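What's in data.csv: CSV, N, CA and C atoms
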```csv
chain,number,residue,atom,x,y,z
A,1,MET,N,82.8,25.4,-28.0
A,1,MET,CA,81.7,25.7,-28.8
A,1,MET,C,80.5,26.2,-28.0
A,2,LEU,N,80.3,25.6,-26.8
A,2,LEU,CA,79.2,26.0,-26.0
A,2,LEU,C,79.4,27.4,-25.4
A,3,LEU,N,80.7,27.8,-25.2
A,3,LEU,CA,81.0,29.1,-24.8
A,3,LEU,C,80.7,30.1,-25.8
A,4,SER,N,80.9,29.8,-27.1
A,4,SER,CA,80.5,30.7,-28.2
A,4,SER,C,79.0,30.9,-28.2
A,5,LEU,N,78.2,29.9,-27.9
A,5,LEU,CA,76.8,30.1,-27.8
A,5,LEU,C,76.4,31.2,-26.8
A,6,LEU,N,77.2,31.2,-25.7
A,6,LEU,CA,76.9,32.2,-24.6
A,6,LEU,C,77.3,33.6,-25.1
A,7,LEU,N,78.2,33.7,-26.0
A,7,LEU,CA,78.7,35.0,-26.5
A,7,LEU,C,77.9,35.6,-27.6
A,8,ILE,N,77.0,34.8,-28.2
A,8,ILE,CA,76.2,35.3,-29.3
A,8,ILE,C,75.3,36.4,-28.8
A,9,ASN,N,75.2,37.5,-29.6
A,9,ASN,CA,74.3,38.6,-29.2
A,9,ASN,C,73.1,38.5,-30.1
A,10,VAL,N,72.0,38.0,-29.7
A,10,VAL,CA,70.8,37.8,-30.5
A,10,VAL,C,69.7,38.6,-29.8
A,11,VAL,N,69.1,39.5,-30.5
A,11,VAL,CA,68.0,40.3,-30.0
A,11,VAL,C,66.9,40.2,-31.1
A,12,SER,N,65.7,39.8,-30.7
A,12,SER,CA,64.6,39.7,-31.6
A,12,SER,C,64.1,41.1,-31.9
A,13,PRO,N,63.3,41.2,-33.0
A,13,PRO,CA,62.6,42.5,-33.3
A,13,PRO,C,61.8,43.0,-32.2
A,14,ASP,N,61.9,44.3,-31.9
A,14,ASP,CA,61.2,44.9,-30.8
A,14,ASP,C,61.6,44.4,-29.5
A,15,HIS,N,62.7,43.7,-29.4
A,15,HIS,CA,63.2,43.3,-28.1
A,15,HIS,C,62.3,42.4,-27.3
A,16,PHE,N,61.5,41.6,-28.0
A,16,PHE,CA,60.5,40.7,-27.3
A,16,PHE,C,61.3,39.7,-26.4
A,17,ILE,N,62.4,39.2,-27.0
A,17,ILE,CA,63.2,38.2,-26.3
A,17,ILE,C,64.6,38.8,-26.1
A,18,PRO,N,65.0,39.3,-25.0
A,18,PRO,CA,66.4,39.8,-24.8
A,18,PRO,C,67.4,38.7,-25.1
A,19,SER,N,68.6,39.1,-25.6
A,19,SER,CA,69.6,38.1,-26.1
A,19,SER,C,70.0,37.1,-25.0
A,20,CYS,N,70.2,37.6,-23.8
A,20,CYS,CA,70.6,36.7,-22.7
A,20,CYS,C,69.6,35.6,-22.5
A,21,LEU,N,68.3,35.9,-22.5
A,21,LEU,CA,67.2,34.9,-22.3
A,21,LEU,C,67.2,34.0,-23.4
A,22,TYR,N,67.3,34.4,-24.7
A,22,TYR,CA,67.2,33.6,-25.8
A,22,TYR,C,68.4,32.6,-25.8
A,23,VAL,N,69.6,33.1,-25.5
A,23,VAL,CA,70.8,32.2,-25.5
A,23,VAL,C,70.6,31.1,-24.4
A,24,LYS,N,70.1,31.5,-23.2
A,24,LYS,CA,69.9,30.5,-22.1
A,24,LYS,C,68.9,29.5,-22.5
A,25,ILE,N,67.8,29.9,-23.2
A,25,ILE,CA,66.8,28.9,-23.7
A,25,ILE,C,67.4,28.0,-24.7
A,26,ILE,N,68.2,28.5,-25.6
A,26,ILE,CA,68.8,27.6,-26.7
A,26,ILE,C,69.8,26.7,-26.1
A,27,LEU,N,70.6,27.2,-25.2
A,27,LEU,CA,71.7,26.4,-24.5
A,27,LEU,C,71.1,25.3,-23.7
A,28,ARG,N,70.0,25.6,-23.0
A,28,ARG,CA,69.3,24.5,-22.2
A,28,ARG,C,68.8,23.4,-23.2
A,29,TYR,N,68.2,23.9,-24.3
A,29,TYR,CA,67.6,23.0,-25.3
A,29,TYR,C,68.7,22.1,-25.9
A,30,TYR,N,69.8,22.7,-26.3
A,30,TYR,CA,70.9,21.9,-26.9
A,30,TYR,C,71.4,20.9,-25.9
A,31,LEU,N,71.7,21.3,-24.7
A,31,LEU,CA,72.2,20.4,-23.6
A,31,LEU,C,71.2,19.4,-23.3
A,32,GLY,N,69.9,19.7,-23.3
A,32,GLY,CA,68.8,18.7,-23.0
A,32,GLY,C,68.8,17.6,-24.1
A,33,VAL,N,68.9,18.0,-25.3
A,33,VAL,CA,68.9,17.0,-26.4
A,33,VAL,C,70.2,16.2,-26.3
A,34,PHE,N,71.3,16.9,-26.1
A,34,PHE,CA,72.6,16.1,-25.9
A,34,PHE,C,72.5,15.1,-24.8
A,35,ALA,N,71.9,15.5,-23.6
A,35,ALA,CA,71.8,14.6,-22.5
A,35,ALA,C,71.0,13.4,-22.8
A,36,LEU,N,69.9,13.6,-23.5
A,36,LEU,CA,69.0,12.5,-23.9
A,36,LEU,C,69.8,11.5,-24.9
A,37,VAL,N,70.5,12.1,-25.8
A,37,VAL,CA,71.2,11.2,-26.8
A,37,VAL,C,72.4,10.5,-26.0
A,38,ALA,N,73.1,11.2,-25.2
A,38,ALA,CA,74.2,10.6,-24.4
A,38,ALA,C,73.7,9.5,-23.5
A,39,HIS,N,72.5,9.7,-22.9
A,39,HIS,CA,71.9,8.7,-22.1
A,39,HIS,C,71.5,7.4,-22.8
A,40,TYR,N,70.8,7.6,-23.9
A,40,TYR,CA,70.3,6.4,-24.7
A,40,TYR,C,71.3,5.8,-25.7
A,41,GLU,N,72.2,6.6,-26.1
A,41,GLU,CA,73.3,6.0,-27.0
A,41,GLU,C,74.7,6.5,-26.6
A,42,PRO,N,75.1,6.1,-25.4
A,42,PRO,CA,76.3,6.6,-24.8
A,42,PRO,C,77.6,6.3,-25.7
A,43,GLU,N,77.5,5.2,-26.4
A,43,GLU,CA,78.7,4.8,-27.2
A,43,GLU,C,78.7,5.5,-28.6
A,44,HIS,N,77.7,6.2,-28.9
A,44,HIS,CA,77.6,6.8,-30.3
A,44,HIS,C,78.0,8.3,-30.2
A,45,THR,N,79.3,8.4,-30.4
A,45,THR,CA,79.9,9.8,-30.3
A,45,THR,C,79.4,10.7,-31.3
A,46,LEU,N,79.3,10.2,-32.6
A,46,LEU,CA,78.8,11.1,-33.6
A,46,LEU,C,77.4,11.6,-33.4
A,47,ALA,N,76.5,10.7,-32.8
A,47,ALA,CA,75.2,11.1,-32.5
A,47,ALA,C,75.2,12.2,-31.4
A,48,ARG,N,76.1,12.1,-30.5
A,48,ARG,CA,76.2,13.2,-29.5
A,48,ARG,C,76.6,14.5,-30.1
A,49,LEU,N,77.5,14.5,-31.0
A,49,LEU,CA,78.0,15.7,-31.7
A,49,LEU,C,76.8,16.2,-32.6
A,50,ALA,N,76.1,15.3,-33.2
A,50,ALA,CA,74.9,15.8,-34.0
A,50,ALA,C,73.9,16.4,-33.1
A,51,ALA,N,73.7,15.9,-31.9
A,51,ALA,CA,72.8,16.5,-31.0
A,51,ALA,C,73.1,18.0,-30.6
A,52,LEU,N,74.4,18.2,-30.5
A,52,LEU,CA,74.9,19.6,-30.2
A,52,LEU,C,74.7,20.5,-31.4
A,53,LEU,N,74.9,20.0,-32.6
A,53,LEU,CA,74.9,20.8,-33.8
A,53,LEU,C,73.6,20.8,-34.6
A,54,HIS,N,72.6,20.0,-34.2
A,54,HIS,CA,71.5,19.8,-35.1
A,54,HIS,C,70.7,21.0,-35.4
A,55,ASP,N,70.7,22.1,-34.6
A,55,ASP,CA,69.9,23.3,-34.9
A,55,ASP,C,70.8,24.6,-34.9
A,56,VAL,N,72.0,24.5,-35.3
A,56,VAL,CA,72.9,25.7,-35.3
A,56,VAL,C,72.4,26.7,-36.3
A,57,GLY,N,71.6,26.3,-37.2
A,57,GLY,CA,71.0,27.2,-38.2
A,57,GLY,C,69.7,27.8,-37.8
A,58,HIS,N,69.3,27.5,-36.6
A,58,HIS,CA,68.1,28.0,-36.0
A,58,HIS,C,68.3,29.4,-35.5
A,59,VAL,N,67.5,30.4,-35.9
A,59,VAL,CA,67.5,31.8,-35.5
A,59,VAL,C,66.2,32.1,-34.8
A,60,PRO,N,66.1,33.2,-34.1
A,60,PRO,CA,64.8,33.5,-33.5
A,60,PRO,C,63.7,33.6,-34.6
A,61,PHE,N,62.6,33.1,-34.3
A,61,PHE,CA,61.4,33.1,-35.2
A,61,PHE,C,61.7,32.3,-36.5
A,62,SER,N,62.6,31.3,-36.5
A,62,SER,CA,62.9,30.5,-37.6
A,62,SER,C,61.7,29.9,-38.3
A,63,HIS,N,60.8,29.3,-37.4
A,63,HIS,CA,59.7,28.6,-38.0
A,63,HIS,C,58.7,29.6,-38.7
A,64,ALA,N,58.6,30.8,-38.2
A,64,ALA,CA,57.7,31.8,-38.8
A,64,ALA,C,58.4,32.2,-40.1
A,65,LEU,N,59.7,32.4,-40.1
A,65,LEU,CA,60.4,32.9,-41.3
A,65,LEU,C,60.5,31.8,-42.4
A,66,GLU,N,60.3,30.5,-42.0
A,66,GLU,CA,60.3,29.4,-43.0
A,66,GLU,C,59.1,29.4,-43.9
A,67,LEU,N,58.2,30.3,-43.6
A,67,LEU,CA,57.0,30.5,-44.5
A,67,LEU,C,57.5,31.3,-45.8
A,68,LEU,N,58.7,31.9,-45.7
A,68,LEU,CA,59.2,32.6,-46.8
A,68,LEU,C,60.0,31.6,-47.7
A,69,PRO,N,60.0,31.9,-49.0
A,69,PRO,CA,60.7,31.0,-49.9
A,69,PRO,C,62.2,30.9,-49.6
A,70,ASN,N,62.8,29.7,-49.7
A,70,ASN,CA,64.2,29.5,-49.5
A,70,ASN,C,64.8,29.8,-48.1
A,71,VAL,N,63.9,29.8,-47.1
A,71,VAL,CA,64.3,29.9,-45.7
A,71,VAL,C,64.0,28.6,-45.0
A,72,ASN,N,65.1,27.9,-44.6
A,72,ASN,CA,64.9,26.6,-43.9
A,72,ASN,C,66.1,26.4,-43.0
A,73,HIS,N,65.8,26.4,-41.7
A,73,HIS,CA,66.9,26.3,-40.7
A,73,HIS,C,67.7,25.0,-40.8
A,74,HIS,N,67.1,23.9,-41.3
A,74,HIS,CA,67.8,22.7,-41.5
A,74,HIS,C,68.9,22.8,-42.6
A,75,ARG,N,68.5,23.5,-43.7
A,75,ARG,CA,69.5,23.8,-44.8
A,75,ARG,C,70.6,24.7,-44.3
A,76,MET,N,70.2,25.7,-43.4
A,76,MET,CA,71.2,26.6,-42.9
A,76,MET,C,72.1,25.9,-42.0
A,77,THR,N,71.6,25.0,-41.2
A,77,THR,CA,72.5,24.2,-40.3
A,77,THR,C,73.5,23.4,-41.2
A,78,GLU,N,73.1,22.8,-42.2
A,78,GLU,CA,74.0,22.0,-43.1
A,78,GLU,C,75.1,23.0,-43.7
A,79,ALA,N,74.7,24.2,-44.1
A,79,ALA,CA,75.6,25.1,-44.7
A,79,ALA,C,76.6,25.6,-43.7
A,80,LEU,N,76.2,25.8,-42.5
A,80,LEU,CA,77.1,26.3,-41.4
A,80,LEU,C,78.2,25.3,-41.0
A,81,LEU,N,77.9,24.0,-41.3
A,81,LEU,CA,78.9,23.0,-41.0
A,81,LEU,C,80.1,23.1,-41.9
A,82,ASP,N,80.0,23.8,-43.0
A,82,ASP,CA,81.1,23.9,-44.0
A,82,ASP,C,81.7,25.3,-43.9
A,83,LYS,N,81.3,26.1,-42.9
A,83,LYS,CA,81.9,27.5,-42.7
A,83,LYS,C,82.6,27.6,-41.4
A,84,ALA,N,83.5,28.6,-41.4
A,84,ALA,CA,84.3,28.8,-40.2
A,84,ALA,C,83.4,29.3,-39.1
A,85,PRO,N,83.6,28.9,-37.8
A,85,PRO,CA,84.7,28.1,-37.3
A,85,PRO,C,84.4,26.6,-37.4
A,86,LEU,N,83.2,26.2,-37.7
A,86,LEU,CA,82.8,24.8,-37.6
A,86,LEU,C,83.6,23.9,-38.6
A,87,ASP,N,83.9,24.4,-39.8
A,87,ASP,CA,84.6,23.6,-40.8
A,87,ASP,C,86.0,23.1,-40.2
A,88,LYS,N,86.7,24.0,-39.5
A,88,LYS,CA,88.0,23.6,-38.9
A,88,LYS,C,87.8,22.6,-37.8
A,89,LEU,N,86.8,22.8,-36.9
A,89,LEU,CA,86.5,21.9,-35.8
A,89,LEU,C,86.1,20.5,-36.2
A,90,LEU,N,85.4,20.5,-37.4
A,90,LEU,CA,84.9,19.2,-37.9
A,90,LEU,C,85.7,18.6,-39.0
A,91,GLU,N,86.9,19.0,-39.2
A,91,GLU,CA,87.7,18.5,-40.4
A,91,GLU,C,88.0,17.1,-40.3
A,92,ASP,N,88.0,16.4,-39.2
A,92,ASP,CA,88.3,15.0,-39.1
A,92,ASP,C,87.0,14.2,-38.9
A,93,ILE,N,85.8,14.8,-39.1
A,93,ILE,CA,84.5,14.2,-38.9
A,93,ILE,C,83.9,13.9,-40.3
A,94,ASN,N,83.3,12.8,-40.5
A,94,ASN,CA,82.6,12.5,-41.8
A,94,ASN,C,81.3,13.4,-41.7
A,95,LYS,N,81.3,14.5,-42.5
A,95,LYS,CA,80.2,15.4,-42.5
A,95,LYS,C,78.9,14.8,-43.1
A,96,ASN,N,79.1,13.9,-44.0
A,96,ASN,CA,77.9,13.3,-44.6
A,96,ASN,C,77.2,12.4,-43.5
A,97,GLU,N,77.9,11.7,-42.8
A,97,GLU,CA,77.3,10.9,-41.7
A,97,GLU,C,76.7,11.8,-40.6
A,98,LEU,N,77.4,12.8,-40.3
A,98,LEU,CA,76.9,13.8,-39.3
A,98,LEU,C,75.6,14.4,-39.8
A,99,ILE,N,75.5,14.8,-41.1
A,99,ILE,CA,74.3,15.4,-41.6
A,99,ILE,C,73.2,14.4,-41.7
A,100,ASN,N,73.5,13.2,-42.0
A,100,ASN,CA,72.5,12.1,-42.1
A,100,ASN,C,71.9,11.9,-40.7
A,101,LEU,N,72.7,12.0,-39.7
A,101,LEU,CA,72.2,11.8,-38.3
A,101,LEU,C,71.3,13.0,-37.9
A,102,ILE,N,71.7,14.2,-38.3
A,102,ILE,CA,71.0,15.4,-38.0
A,102,ILE,C,69.6,15.5,-38.7
A,103,ASN,N,69.6,15.0,-39.9
A,103,ASN,CA,68.3,15.1,-40.7
A,103,ASN,C,67.5,13.8,-40.6
A,104,GLY,N,68.0,12.8,-39.9
A,104,GLY,CA,67.2,11.6,-39.7
A,104,GLY,C,67.3,10.6,-40.8
A,105,LYS,N,68.2,10.8,-41.8
A,105,LYS,CA,68.4,9.8,-42.8
A,105,LYS,C,69.0,8.5,-42.2
A,106,THR,N,69.9,8.7,-41.2
A,106,THR,CA,70.5,7.7,-40.4
A,106,THR,C,69.7,7.7,-39.1
A,107,GLN,N,69.0,6.6,-38.8
A,107,GLN,CA,68.2,6.5,-37.6
A,107,GLN,C,69.1,6.5,-36.4
A,108,SER,N,68.7,7.3,-35.4
A,108,SER,CA,69.3,7.3,-34.1
A,108,SER,C,68.2,7.9,-33.1
A,109,VAL,N,68.6,7.9,-31.8
A,109,VAL,CA,67.7,8.5,-30.8
A,109,VAL,C,67.5,10.0,-31.1
A,110,LEU,N,68.4,10.6,-31.8
A,110,LEU,CA,68.3,12.1,-32.0
A,110,LEU,C,67.1,12.3,-32.9
A,111,LYS,N,67.1,11.6,-34.1
A,111,LYS,CA,66.0,11.8,-35.0
A,111,LYS,C,65.8,10.5,-35.7
A,112,ASP,N,64.5,10.3,-36.1
A,112,ASP,CA,64.2,9.1,-36.9
A,112,ASP,C,63.6,9.5,-38.2
A,113,LYS,N,63.5,8.5,-39.1
A,113,LYS,CA,63.0,8.8,-40.5
A,113,LYS,C,61.6,9.4,-40.5
A,114,VAL,N,60.7,9.0,-39.6
A,114,VAL,CA,59.3,9.5,-39.5
A,114,VAL,C,59.2,10.7,-38.6
A,115,ASN,N,60.3,11.1,-38.0
A,115,ASN,CA,60.3,12.3,-37.1
A,115,ASN,C,59.2,12.2,-36.0
A,116,ALA,N,59.1,11.1,-35.4
A,116,ALA,CA,58.0,10.9,-34.4
A,116,ALA,C,58.6,11.1,-33.0
A,117,LEU,N,58.8,10.1,-32.2
A,117,LEU,CA,59.4,10.2,-30.9
A,117,LEU,C,60.9,10.1,-30.9
A,118,ASN,N,61.5,11.2,-30.7
A,118,ASN,CA,63.0,11.3,-30.7
A,118,ASN,C,63.5,12.3,-29.7
A,119,ALA,N,64.8,12.4,-29.5
A,119,ALA,CA,65.3,13.3,-28.5
A,119,ALA,C,65.1,14.8,-28.8
A,120,ASP,N,65.1,15.1,-30.1
A,120,ASP,CA,64.9,16.5,-30.5
A,120,ASP,C,63.4,16.9,-30.1
A,121,ASN,N,62.5,16.1,-30.5
A,121,ASN,CA,61.1,16.4,-30.2
A,121,ASN,C,60.8,16.3,-28.7
A,122,LEU,N,61.3,15.2,-28.1
A,122,LEU,CA,61.0,15.0,-26.7
A,122,LEU,C,61.5,16.2,-25.8
A,123,ASP,N,62.7,16.7,-26.1
A,123,ASP,CA,63.2,17.8,-25.3
A,123,ASP,C,62.3,19.0,-25.5
A,124,SER,N,61.9,19.2,-26.7
A,124,SER,CA,61.0,20.4,-27.0
A,124,SER,C,59.7,20.3,-26.2
A,125,TRP,N,59.1,19.1,-26.2
A,125,TRP,CA,57.9,18.9,-25.5
A,125,TRP,C,58.0,19.1,-24.0
A,126,VAL,N,59.1,18.6,-23.5
A,126,VAL,CA,59.3,18.8,-22.0
A,126,VAL,C,59.5,20.3,-21.7
A,127,ARG,N,60.3,21.0,-22.5
A,127,ARG,CA,60.5,22.4,-22.2
A,127,ARG,C,59.4,23.3,-22.5
A,128,GLY,N,58.6,22.9,-23.6
A,128,GLY,CA,57.5,23.7,-24.0
A,128,GLY,C,56.2,23.5,-23.3
A,129,GLY,N,56.2,22.5,-22.4
A,129,GLY,CA,55.1,22.2,-21.6
A,129,GLY,C,53.9,21.7,-22.4
```
As a first step, turn the structure in this file into structure tokens.
Amino acid sequence: MLLSLLLINVVSPDHFIPSCLYVKIILRYYLGVFALVAHYEPEHTLARLAALLHDVGHVPFSHALELLPNVNHHRMTEALLDKAPLDKLLEDINKNELINLINGKTQSVLKDKVNALNADNLDSWVRGG
């Protein structure tokens, strides 16, 4: 799955962010969140999977686009879990538990119910300076 992230060709409008740079930034972010979850909850395999998949619905400028009606990268992430190729890769996984970890309904180091200090935010703060 990480290899497919490297093969995605994403170019922002007006080429502000070339695809290779965007993919490198996203890959580092996913791996950073995964590393934090793996460090603090090494026995929680589903949380590590959730860390890798928690933002697959995120596209360039997602947060700006979410000002539009019916655009939400969290909902897009949930929808992508039921589409190829992820649906086949996750067929033996309890998707409800996975989604609850991703959206913070099930508390873990990845996300918590109040969305305060968690691996998702911590990695963003470290990388965003």
Report the residues of chain A whose backbone DSSP state falls under helix (DSSP H, G or I), written as a VMD selection string.
chain A and resid 2 to 7 13 to 15 19 to 40 45 to 53 62 to 65 73 to 80 86 to 89 95 to 103 119 to 128
Identify, on the basis of only C-alpha atoms, every residue whose closest approach to His54 (chain A) does not exceed 7 Å; exclude the query and any residue fewer than 2 positions from it along the same chain; express the result as a short mmCIF file (atom, residue, chain, number, x, y, z; two decimals) with N, CA and C atoms, in the coordinates of the input.
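Dumped to result.cif:
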```cif
data_model
loop_
_atom_site.label_atom_id
_atom_site.label_comp_id
_atom_site.auth_asym_id
_atom_site.auth_seq_id
_atom_site.Cartn_x
_atom_site.Cartn_y
_atom_site.Cartn_z
N ALA A 50 76.10 15.30 -33.20
CA ALA A 50 74.90 15.80 -34.00
C ALA A 50 73.90 16.40 -33.10
N ALA A 51 73.70 15.90 -31.90
CA ALA A 51 72.80 16.50 -31.00
C ALA A 51 73.10 18.00 -30.60
N LEU A 52 74.40 18.20 -30.50
CA LEU A 52 74.90 19.60 -30.20
C LEU A 52 74.70 20.50 -31.40
N VAL A 56 72.00 24.50 -35.30
CA VAL A 56 72.90 25.70 -35.30
C VAL A 56 72.40 26.70 -36.30
N THR A 77 71.60 25.00 -41.20
CA THR A 77 72.50 24.20 -40.30
C THR A 77 73.50 23.40 -41.20
N ILE A 102 71.70 14.20 -38.30
CA ILE A 102 71.00 15.40 -38.00
C ILE A 102 69.60 15.50 -38.70
#
```
Do you have the CA of Glu78 (chain A)-CA of Ile99 (chain A) distance handy?
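Separation between CA of Glu78 (chain A) and CA of Ile99 (chain A): 6.8 Å.
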My list of candidates is A:His63, A:Thr45, A:Gly104, A:Lys24. Which is closest to Leu117 (chain A) when distances are computed with only C-alpha atoms?
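Of all the options, A:Gly104 lies closest to Leu117 (chain A).
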In Å to one decimal, how far is atom N of Asp55 (chain A) from CA of Tyr40 (chain A)?
18.6 Å
Within 7 Å of (65.7, 20.2, -19.9) (coordinates as in the file), grab all the protein and nucleic acid residues, counting all atoms listed in the file, and write them out as a ChimeraX atom specification.
/A:28-29,31-33,123,126-127
Pairwise distance for atom N of Val23 (chain A) and atom N of Leu81 (chain A), rounded to one decimal in Å
20.0 Å
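When only C-alpha atoms are used to measure the gap to Glu43 (chain A), the shortest distance among A:Ser108, A:Asn70, A:Ser124, A:Asn118 belongs to A:Ser108.
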Residue neighbourhood Leu80 (chain A), 12 Å, only C-alpha atoms, exclusion window fewer than 3 positions, as number ranges by chain
A: 53-58, 73-77, 83-90, 95, 99
I want to know what sits within 8 Å of Glu97 (chain A), based on all atoms listed in the file, with residues of the same chain fewer than 4 positions away left out; could you give that as number ranges by chain?
A: 46-47, 50, 93, 101-103, 106
